[in-house]
Structure formats: C-alpha cells, structure tokens
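Peer 1: Structure in structure tokens, see below.
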Protein chains: 4
Amino acid sequence: MTKGCPNPLDHRTRIGQTRREKTRERLCEAAIMVFAERGLNGTVIDHVVRQAGVSRGTFYNYFDTIEDVLDAARVMLKRELVLLVKDSVDFDRPPAERVAFGLRAFIEVARQNKLFLEFSARLGHQSYSFSNLLKETAPGFVSSAIEAGEFRPIPEGLIFDLMESGAIAVLRRLMDGEEVDVAAFVAAMLRVLGLSYEASVAIAALPVEVPQPAEDSLLLRANATWSASH
Amino acid sequence: MTKGCPNPLDHRTRIGQTRREKTRERLCEAAIMVFAERGLNGTVIDHVVRQAGVSRGTFYNYFDTIEDVLDAARVMLKRELVLLVKDSVDFDRPPAERVAFGLRAFIEVARQNKLFLEFSARLGHQSYSFSNLLKETAPGFVSSAIEAGEFRPIPEGLIFDLMESGAIAVLRRLMDGEEVDVAAFVAAMLRVLGLSYEASVAIAALPVEVPQPAEDSLLLRANATWSASH
Amino acid sequence: MTKGCPNPLDHRTRIGQTRREKTRERLCEAAIMVFAERGLNGTVIDHVVRQAGVSRGTFYNYFDTIEDVLDAARVMLKRELVLLVKDSVDFDRPPAERVAFGLRAFIEVARQNKLFLEFSARLGHQSYSFSNLLKETAPGFVSSAIEAGEFRPIPEGLIFDLMESGAIAVLRRLMDGEEVDVAAFVAAMLRVLGLSYEASVAIAALPVEVPQPAEDSLLLRANATWSASH
Amino acid sequence: MTKGCPNPLDHRTRIGQTRREKTRERLCEAAIMVFAERGLNGTVIDHVVRQAGVSRGTFYNYFDTIEDVLDAARVMLKRELVLLVKDSVDFDRPPAERVAFGLRAFIEVARQNKLFLEFSARLGHQSYSFSNLLKETAPGFVSSAIEAGEFRPIPEGLIFDLMESGAIAVLRRLMDGEEVDVAAFVAAMLRVLGLSYEASVAIAALPVEVPQPAEDSLLLRANATWSASH
DNA sequence: GATGAATGAGGCTTCATTCAT
DNA sequence: CATGAATGAAGCCTCATTCAT
C-alpha cells in the first residue's frame, strides 16, 4: 500500500519470474532450431544449450529431458499457428473451403518458413501436428459438416489422421526440395470428405492468402536467427 | 566322405556360404524382433546380438551399423510381403478392387501378425514402406488406370504417399489397441483416386481373403519366437 | 515505537542479531532432520535449505560447507544432551551407578526420540559422540574413580572409546528395529571397568528414570516436525 | 576326443575366463588401495580404474557401482584373513586364550600392514568386519564356551558387536598414529566375557605370534604396491 | 569366421558455488 | 541480508568399435 515503495519482495519476485520466463523461451527457441536441423534423435542437450547460449546446468533448471523441451517448443509453436491459421480462414465460407484454406495456409506457412518446415517434416507425427491443430481450432467441425450434409460420413479420427499424415508427407517432399502439387493434395482430402472430383479440384484451386506471422512471433524470430547461419 | 565331391575347397566354400547366410538371417530376424519392441532409437547392437545368440564381434562380420541391419531386415520383409500381397490380388479384377484388396491385405497381415504390426508402426516411414511395395508390385499401375479412365488424374507420387502415410497411421492406431474402421480408410483412398462415395464404400466392403504367410516364412518364424516371450 | 529505546541503531542491530540467530537455528534443525534421514553422504545443501524453507544463497551466509552445518548441529544437540544426561545422574551415587545411569539415559533418550536415534546411529562416530559427551560432562571422572579404587585400571581413552563405539553399535541395532538387551551392554561396560559379573548385572538392572527434554528443546521441536512427515 | 586338438572352443573359453578373473582381481586390489586412502565416500570409479590401469568402461564389465567393488574386495580380504587368523590360534587352548590370540592377531596384522590398517579403520563397520570374521571362523564358539562355563552369559550378538566396534576404534587410533594399549583392549573384552580382572590382564599379556601372510597373498601384494607410492 | 574383453568418446546428471537484484 | 537464476566442474553410464585369441 505504501506509495513509491511497493513490497520489495514482490518486485524481486516479478523480476525473477520475468527472467525465468525469458530463459525458458530462449531454450525453446534454440530447441526448435536444433530439432529442425537434426531431428529428435540427433539432438542432444549440449546442442540446445550451446544454441541458446546458456550453461548445461541451466537446462536442468527448466527441463528434465530433451523430450520435455520438445514438448514445450511444440506448445509454443502450436499457439502461434492456431492464431495464424485461424486468421486465414473466413468463417462465413462453406466447410469445404475452410478445410482447403486451412490446409493450404498451413503448408504455405511451412513453405515460406524454412525453419518451421524442417521442424515439422523432421519431427513428423511427433511434432506439432496438424490434426491436433485442427481439433483445437475447430473441434467437432467435421462432424457438424457431415450432419449438415456438406461432407459425407467418415470417422472424424480417420480424417484427422489422413490430413495430418498426408500434410507431413507433403512437407517431407518440400523439405527434400521436390516439386509438390499442393492443390492436388488438398483436392484429394476434399474427395476423402465426399466432394466430387470436379468440386474438389475447383475449390483446391481457389486463391489463398497466406497469413503472415507477427513481427515479434517466435516463428519469425527463430527463423531469422536460424536462416542467418545457413 | 561325400561321393562325387572332387574339390574339397569348393565344398568347404559352399558350406561356409550356407553358414554365413544363416548367421546373417539370424541377425536380421533378431533385429526385427528388437526393433518391433524398442523402435530404432531404443535398439543397440547388444540387444540384437543377444537376441540372435551370437557374439558382439560377429555382428561386425556382417554389418557396419545398426541401420544396416535394419535395411537388410526391411528388404527381407518386403520380399515376403510383395509375394503375399500379390497372391491376394486377382489380376483380372478392375483396378479399384485391386487397390482395395491390396490395402486391406496389407493391413490384415499386420493385424494378424503382432510382430509385423509393431515393426511397421514403430519404424513408421523408415520401415518397409507401402508405397515402395506398391511401386514394386505394380509399377505404373495407377498411371495406366488413370489413362484408362478408371481413376481420375492425380500425381502418382502423391497417391503413393497418401496410401503409405495413411496406412501407417492406421497401423499406429491398431498398435495402440484402438478400434479402426479399415473399410473407411480404404474407401477414402478410393475416393482420392476419383471414385464416387457410393462406389468407394461398396468396393471397400467387398470381402477380402487374407493371405497367409508360408509356414517357413521369416514373418511366421520370427513372430512365433517373439510371441513366445510376450 | 518501543518506549525506552534511545538508539534506533542498537535496536536494529539487536533485532538483526536475533533474526540472524533464528535463521541459523532453523538451518541446524533442518540439517539434523535431513542427516537423520539420508546420512551425511546422501545429504546435499539443497535438501537442507528446502527443509529450512530458506533460499540456497542464505545457506552461504551462515555456513561454508555441508560439514559445517553438521558440526553446528552436533554442538547444539550435544549442549542439550549434556544437560539432559546430567539431570538424570545423581552425583551422590557411587561411580558405577553413575556410569550405568548415564549410559542408559543416553540410550533411552535415543530410543524415545526417533529423530535423534537415526541421527546418532547414521552419523556414527562422526556424530555427536558419547565419549566427548562423557569427557565434557565429567572430565577426569573415570581416572578419579580408578584412583579411589572404585574401578580397576584401564586407560581413560580406551574406556571412552569402548563406550562410544559400543553405544553406537547398540543404536544401530535399535535403528534397524532389532531387539537389544541394553542392560547387558551396560553390564558389559561395568565389567570392563573392573566390576564383578554379579555386581555388573545387578547395577545394570537398577531402574533408571529417563530424562525428558524440555518442551522447547531443539530435540523435541525437531523430532515433532520430523515425525509429522513420517 | 581327438588327441592333440581339444575343442578349441573350450580352450578359448578357458583363456577368456582366466583373463577375466585376472582383471577382476586387479580391480579389487586397486579398490582396496583407493579405499584405504580415501574411504568409501572419497572414492570414485575413476580413481579405481586409474589405479588398476584399465579403462573406465572395463569397470562396468565387472561391477555396477563403487559399492559393488567394495563388497568384492571385502570378500577377498576376508578370505585371506580367516586363514591367517585361524593359523594363529591353537585350537587346544582354552576359549579365553583363543579369543585373546584372535583379537591380537587381527590387530597385529593391521599394525604391520599399513594398507590393511587404513582400509579397515577407514571403512569402519562397512569394511570387512571382525564380528563377521569371528562368526565365520568359529560360529557358535562363544555360546558353547558360555554353556561350558568358561564365559559368563552375554548375548552372542552383543559380544560380537563390542569386539568389532572396539577393534575398529583401536585401529582408528593406530591409524592416527596414537599409542594404543592393545593388551588393555583385549583384557577389557575378556572381562566383558566374564573373566576376572586379574585373569583378563594375565591372558592378554601372553606372548602372541603374529601370523604372516603368504608371499603371494593379496594382502602382501597390494601392500607392497601401495607402500611403494607412499 | 567367431568370440568377448577392453576401450574411450560422448552424452547425461548432480550439486557446490557465485552473483546480480 | 535474502533470493534464486546461472554456472560448470565432476562424476556417472552407455555403447559403438577394436582386436588378440
């Protein structure tokens, strides 16, 4: 209550927590870069701490295993991606278009963000996964569309699995530098959902606006740091 | 001692090669079992040689790295699978049915052979892969069907990727003990190829005969040994 | 605010010293509990500061090493024990009875105070030691009794060593939950001092009143806290 | 069965086992030296392997922890000591003399073998222990003597504990370079067993022949190596 | 060829200690 | 004084690889 001299303990605590949070983020960012480059199995704690510029001991103040930091990194990435993809989808459009835009937005973000591409492709289904993203972005979305007669019946778990595993297969090709017909992939998924061949191709061909990550986003910052050294 | 064996060196050589081949197979079999249980990263050479009942040094007489023995094991498995799946497909049937039968045969073999299921699901796209299998079983098969108007246009690489990644996703669910609607998966793939929803569902529902591996096949022998200890 | 406190600096200093002393005691108490549980080698500074509820850095304001805090704790315990055992010994009794009472009082205190038992048994001869206690309680006591013809000649150092090492062996058995014939131990020590078998057994069998630690003693407080979590 | 060419496998196996046993002994010997110098807690695996002149990895081919090698070393030492002390005791002598000779032999061996002294004193009751030695050398020996009326009643466990803890206290004094009246200690133990003061002193004063370890004994070899570097 | 003991680089983990706030 | 984040030395342990028999 004393003006001009708030509880010094609180102050110290706040400072400490801020610093703590910052270090944690540095570790996650570093982990993303290392994972992107070496995959989960090629990554050891030493790589991460060196990339983060902290000491080995510091790592253990925040995580117990290399998997733990991957989990944390995944969560951070996912948070940003959900926002990003959500932005790119117009909720007034019919379900098929929303699926098409979401898938393409996801792939385009990866295509334009090499770090993210490597991370997602390499980590495969262990990484942030599209199906989870879809579930979080729009839970029950497919089911309702099926009930509404927009899609034909298919188990929701299956369509999520196919989208995720398919998207990762696409990213893997992109990472290897191969040409990929993204529209064909999107159209295929739409047919899985019951659309006719013609409709699937038409909707998959609609122009899509690729969402741009915010200037200060983890995605952009990490990509910048990472690209600098490649 | 052997009548009609003029050159003892030849004999010894032949005997030696037989023994050599047998040891190699033992190592591969052992590797499959260990990989099925622990995945690629959990597996170390010691596990394999102990399972095979040979000495550590012997391993290096046949392979250089743990990946090498995995490769060899993959090849052996694939050889058996190609035969198995080929058997189950009647080449007089229309392409859609052949795709449906092939996919289902593959999944059913895995469902009935726990060792193979674990191996394929765990190794994921690193394992023997379905798309490779498809390519080897019937190269150009999809393209011709497209040209013949049986399927609608789609890049051959893409459809292979989707089938492989989708099939592995299915196996992973099976391995986790989840219920999987295999027919729905097969129907989805048929729609990707351009069939109508009704046709896809109808063909996916056709009864399929699961091919049985030969008594002395690697698949069956290894599965028996492995199941004995689980 | 305090009436009759002319020099605020003195006041602050005094307050500070009080606080300082209290923190020091908290650390010692905590150390005793941790040592009792994990022994010297299993104990790390972190355990102690967490038990004491202070920060890691604070530890270094009071001690340099983990051994230092053990030393301090030992001193505190010993101070209390000397008083306790002294109370239980009637100085008008003959030397043999005083030895018997002292030994039994010591062992009974440990028997009734689980924390102290674990601490003493685990730390062994590194802990507060009985021979030191004896020396401090009654220096020269044995020598005089020998000169007075109450005991038979034996090097004072040796008898102290035997009592200490023997008592700790007894405590160790108690800690392991074994039955221990304390009277037999006491009688044995009396025979070492030259008493006849019959006399030793008779005196060791005399009823002894176990001294009770004061309500606010370190012994009782720490034991309470510690017992609460076991 | 073939003369002149016994099974080569057997031969190799035998060679291997011999080598294996030798390395194991080297590690134990090394461990004894290191423990003697630094105690259990000051000893780390690196010290032992360096002393043994083998690689770090080799250690793990034989033991899992530093405690394990201590156990093994204890067993080896004990085996030698049992023989040594047994030799020094004339089984025709009365029980009191046998106890006296055994105790003195043990202490004299330690006094003349610096390595063994340090090892026993430092490891304390964790080390090879006298009471175990006594139990193994002559199980039930004390009980029978009590029944025969040679000693007075005392729990066997207690007398063993007192002898062990007392002997170690004596060794500790010796290690610290203090003068120790070994005869007084032995006499004390005899009085514990019920002998009169005069008898105890008389028997403890009997001349004792110190047993000499065999030339190729672990005790002598290790002591030589160790003394060379002190 | 087969064997398995020995090796040592590489990664993991703990914990005493420092120091800015 | 108290705090706790950061540090890095020190020890632990695994495992691919070599090599004498």
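Just remember, in the structure tokens the first chain shown is A, the second B, etc., residues are 1-based per chain, and ligands are 1-based in the order shown.
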Residues within 9 Å of DA6 (chain F), please, as an NGL selection string. Count only C-alpha atoms (C1' of nucleotides); anything in the same chain fewer than 4 positions from it doesn't count.
Peer 2: (:A and (54-55 or 57-58)) or (:E and (18))
Peer 1: For chain B against chain E, with a cut-off of 12 Å and counting only C-alpha atoms (C1' of nucleotides), what is the closest atom pair and its distance in Å to one decimal for every residue that makes the cut, ordered by chain and number, as CSV?
Peer 2:
```
residue,atom,partner,partner_atom,distance
B:Gly16,CA,E:DG1,C1',9.1
B:Gln17,CA,E:DG1,C1',11.0
B:Arg19,CA,E:DG1,C1',10.0
B:Arg20,CA,E:DG1,C1',8.7
B:Thr23,CA,E:DG1,C1',10.8
B:Asp46,CA,E:DG4,C1',11.9
B:Val49,CA,E:DG4,C1',11.9
B:Gly53,CA,E:DA2,C1',11.8
B:Val54,CA,E:DA2,C1',8.4
B:Ser55,CA,E:DT3,C1',6.0
B:Arg56,CA,E:DG4,C1',7.1
B:Gly57,CA,E:DT3,C1',6.7
B:Thr58,CA,E:DA2,C1',6.2
B:Phe59,CA,E:DA2,C1',9.9
B:Tyr60,CA,E:DA2,C1',10.8
B:Asn61,CA,E:DG1,C1',8.1
B:Tyr62,CA,E:DG1,C1',10.7
```
Peer 1: Check the DSSP output for the backbone and give back, as a ChimeraX atom specification, the residues of region 71-188 of chain A in alpha helix (DSSP H).
Peer 2: /A:71-88,95-112,114-123,130-137,141-147,156-175,182-188
Peer 1: Using only C-alpha atoms (C1' of nucleotides), can you tell me which of B:Leu171, B:Ile107, B:Ile66, B:Leu134 comes closest to chain F?
Peer 2: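 Going through B:Leu171, B:Ile107, B:Ile66, B:Leu134 one by one, the smallest distance to chain F is for B:Ile66.
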Peer 1: At what distance in Å, to one decimal, does CA of Asp71 (chain C) lie from CA of Asp176 (chain D)?
Peer 2: 20.7 Å
Peer 1: Counting only C-alpha atoms, figure out which residue out of A:Leu115, A:Val82, A:Ala72, A:Cys28 gets nearest to Phe130 (chain A).
Peer 2: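 Ranking A:Leu115, A:Val82, A:Ala72, A:Cys28 by distance to Phe130 (chain A), first place goes to A:Val82.
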Peer 1: Taking only C-alpha atoms into account, produce a table as JSON lines in which each residue of chain C with an atom at most 8 Å from an atom of chain D appears once, together with its shortest atom pair and the distance in Å to one decimal, ordered by chain and rising number.
Peer 2:
```
{"residue": "C:Asn41", "atom": "CA", "partner": "D:Asn41", "partner_atom": "CA", "distance": 7.2}
{"residue": "C:Arg152", "atom": "CA", "partner": "D:Tyr197", "partner_atom": "CA", "distance": 7.6}
{"residue": "C:Ile154", "atom": "CA", "partner": "D:Ala184", "partner_atom": "CA", "distance": 6.7}
{"residue": "C:Pro155", "atom": "CA", "partner": "D:Ala184", "partner_atom": "CA", "distance": 7.6}
{"residue": "C:Leu158", "atom": "CA", "partner": "D:Phe185", "partner_atom": "CA", "distance": 7.2}
{"residue": "C:Asp161", "atom": "CA", "partner": "D:Ala169", "partner_atom": "CA", "distance": 6.4}
{"residue": "C:Leu162", "atom": "CA", "partner": "D:Gly166", "partner_atom": "CA", "distance": 5.5}
{"residue": "C:Ser165", "atom": "CA", "partner": "D:Ser165", "partner_atom": "CA", "distance": 5.5}
{"residue": "C:Gly166", "atom": "CA", "partner": "D:Leu162", "partner_atom": "CA", "distance": 5.6}
{"residue": "C:Ala169", "atom": "CA", "partner": "D:Asp161", "partner_atom": "CA", "distance": 6.5}
{"residue": "C:Asp181", "atom": "CA", "partner": "D:Pro155", "partner_atom": "CA", "distance": 7.9}
{"residue": "C:Ala184", "atom": "CA", "partner": "D:Ile154", "partner_atom": "CA", "distance": 6.7}
{"residue": "C:Phe185", "atom": "CA", "partner": "D:Leu158", "partner_atom": "CA", "distance": 7.2}
{"residue": "C:Ala188", "atom": "CA", "partner": "D:Val192", "partner_atom": "CA", "distance": 4.9}
{"residue": "C:Met189", "atom": "CA", "partner": "D:Val192", "partner_atom": "CA", "distance": 7.2}
{"residue": "C:Arg191", "atom": "CA", "partner": "D:Val192", "partner_atom": "CA", "distance": 5.7}
{"residue": "C:Val192", "atom": "CA", "partner": "D:Ala188", "partner_atom": "CA", "distance": 4.9}
{"residue": "C:Leu193", "atom": "CA", "partner": "D:Ala188", "partner_atom": "CA", "distance": 7.9}
{"residue": "C:Gly194", "atom": "CA", "partner": "D:Tyr197", "partner_atom": "CA", "distance": 6.0}
{"residue": "C:Ser196", "atom": "CA", "partner": "D:Ser196", "partner_atom": "CA", "distance": 7.0}
{"residue": "C:Tyr197", "atom": "CA", "partner": "D:Gly194", "partner_atom": "CA", "distance": 6.0}
```
Peer 1: Counting only C-alpha atoms (C1' of nucleotides), give me one row per residue of chain B with an atom at most 9 Å from an atom of chain F, showing the shortest contact pair and its distance in Å to one decimal, sorted by chain then residue number, as a Markdown table.
Peer 2:
```
| residue | atom | partner | partner_atom | distance |
| --- | --- | --- | --- | --- |
| B:Val44 | CA | F:DC15 | C1' | 7.5 |
| B:Ile45 | CA | F:DA16 | C1' | 8.1 |
| B:Asp46 | CA | F:DC15 | C1' | 8.3 |
| B:Thr65 | CA | F:DA16 | C1' | 8.5 |
```
Peer 1: Could you save those same residues with C-alpha atoms as a compact mmCIF listing (two decimals), in the first residue's frame?
Peer 2:
```txt
# COMPACT_ATOMS: atom_id res chain seq x y z
CA VAL B 44 21.54 -51.09 -29.63
CA ILE B 45 23.76 -53.68 -31.15
CA ASP B 46 23.93 -55.59 -27.92
CA THR B 65 25.85 -50.13 -38.24
```
Peer 1: What gap, in Å, lies between CA of Lys135 (chain B) and CA of Phe91 (chain B)?
Peer 2: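 Atom-to-atom, CA of Lys135 (chain B) and CA of Phe91 (chain B) are spaced 15.7 Å apart.
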Peer 1: At what distance in Å, to one decimal, does CA of Arg172 (chain C) lie from CA of Ala121 (chain C)?
Peer 2: 5.0 Å
